[in-house]
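Below you'll find the structure, written out as structure tokens, and then a few comments.
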Amino acid sequence: MRIVEWAERTAEALLSNVGTRLAHVRCAARRAGHAAPALPVQDRELLVAAALVHDIGYAPPLVNTGFHPLDGARWLRDQGADDRLVCLVAHHTGAAFEAERRGLSDQLKAYTREESATADALWYADLTSGPAGEATTFEERVNEILTRYEPGSVVHESVTAARPFLAAAVERTKERLAAYPR
Ligand SMILES: [Fe+2]
């Protein structure tokens, strides 16, 4: 089975009953498809698959640490998923900043952090997809998160610290897309 088809089935099976997460990851997959021309051809399906499963760690049966990038990556690794897919999920959208504040940095180190156009594009896809599955802008998305989570909370503090790095990944993706139009 192609990796994208597997990821779509996996997301549907695990996120259908988790609020609007399935709509969010499907939107991220569409955004990933939009960003795909910024990537080497061989990475384009990997990106869309990663977008589909990036929030799989929110599925109740997968919750272990309560930190969704890590819980999702662990489950994917247990399934024998492609290692780059596993590691992209573990480190998506500034996960290291929140892992540090949750005391989970050592556990996150079990996953290699890839620094690449593909990793940037996954962050871009997530950060331009709203929580209910609507395409949005980076600024709106970050402001929505900072409104949803209280100041002083782990998520609020982590996103505030990560913000320049999140913005940089989005900008790099936009620059790559501008350089390599469809
Ligand atoms: Fe997400």
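Each chain of the structure tokens is named A, B, ... in the order shown, its residues numbered from 1; ligands are numbered from 1 in display order.
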Counting only C-alpha atoms, what is within 10 Å of Ala96 of chain A, bar same-chain residues fewer than 5 positions away, as a count of residues only? 13
At most 7 Å from ligand 1 (only C-alpha atoms and all ligand atoms): residue list as a VMD selection string: chain A and resid 24 to 25 54 to 55 126
As a list in words, please: the residues near segment 145-149 of chain A (cut-off 8 Å, only C-alpha atoms, same-chain neighbours under 4 positions excluded). Arg141, Ser153, Val155, His156, Val159 and Thr160 of chain A
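The residue that comes closest to Asn17 of chain A, out of A:Trp75, A:Phe165, A:Tyr58, A:Tyr111 and on the basis of only C-alpha atoms, is A:Tyr58.
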Pick out each residue of chain A that DSSP on the backbone tags as helix (DSSP H, G or I); I need them as number ranges by chain. A: 3-15, 21-38, 41-53, 56-58, 60-62, 68-78, 83-90, 92-101, 105-108, 117-127, 138-148, 154-179
Residue contacts of Val86 of chain A (8 Å, only C-alpha atoms) excluding same-chain residues fewer than 6 positions away, as JSON, numbers by chain: {"A": [73, 74, 76, 77, 111]}
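Counting from atom CA of Phe97 of chain A, the distance to atom CA of Leu166 of chain A is 10.8 Å.
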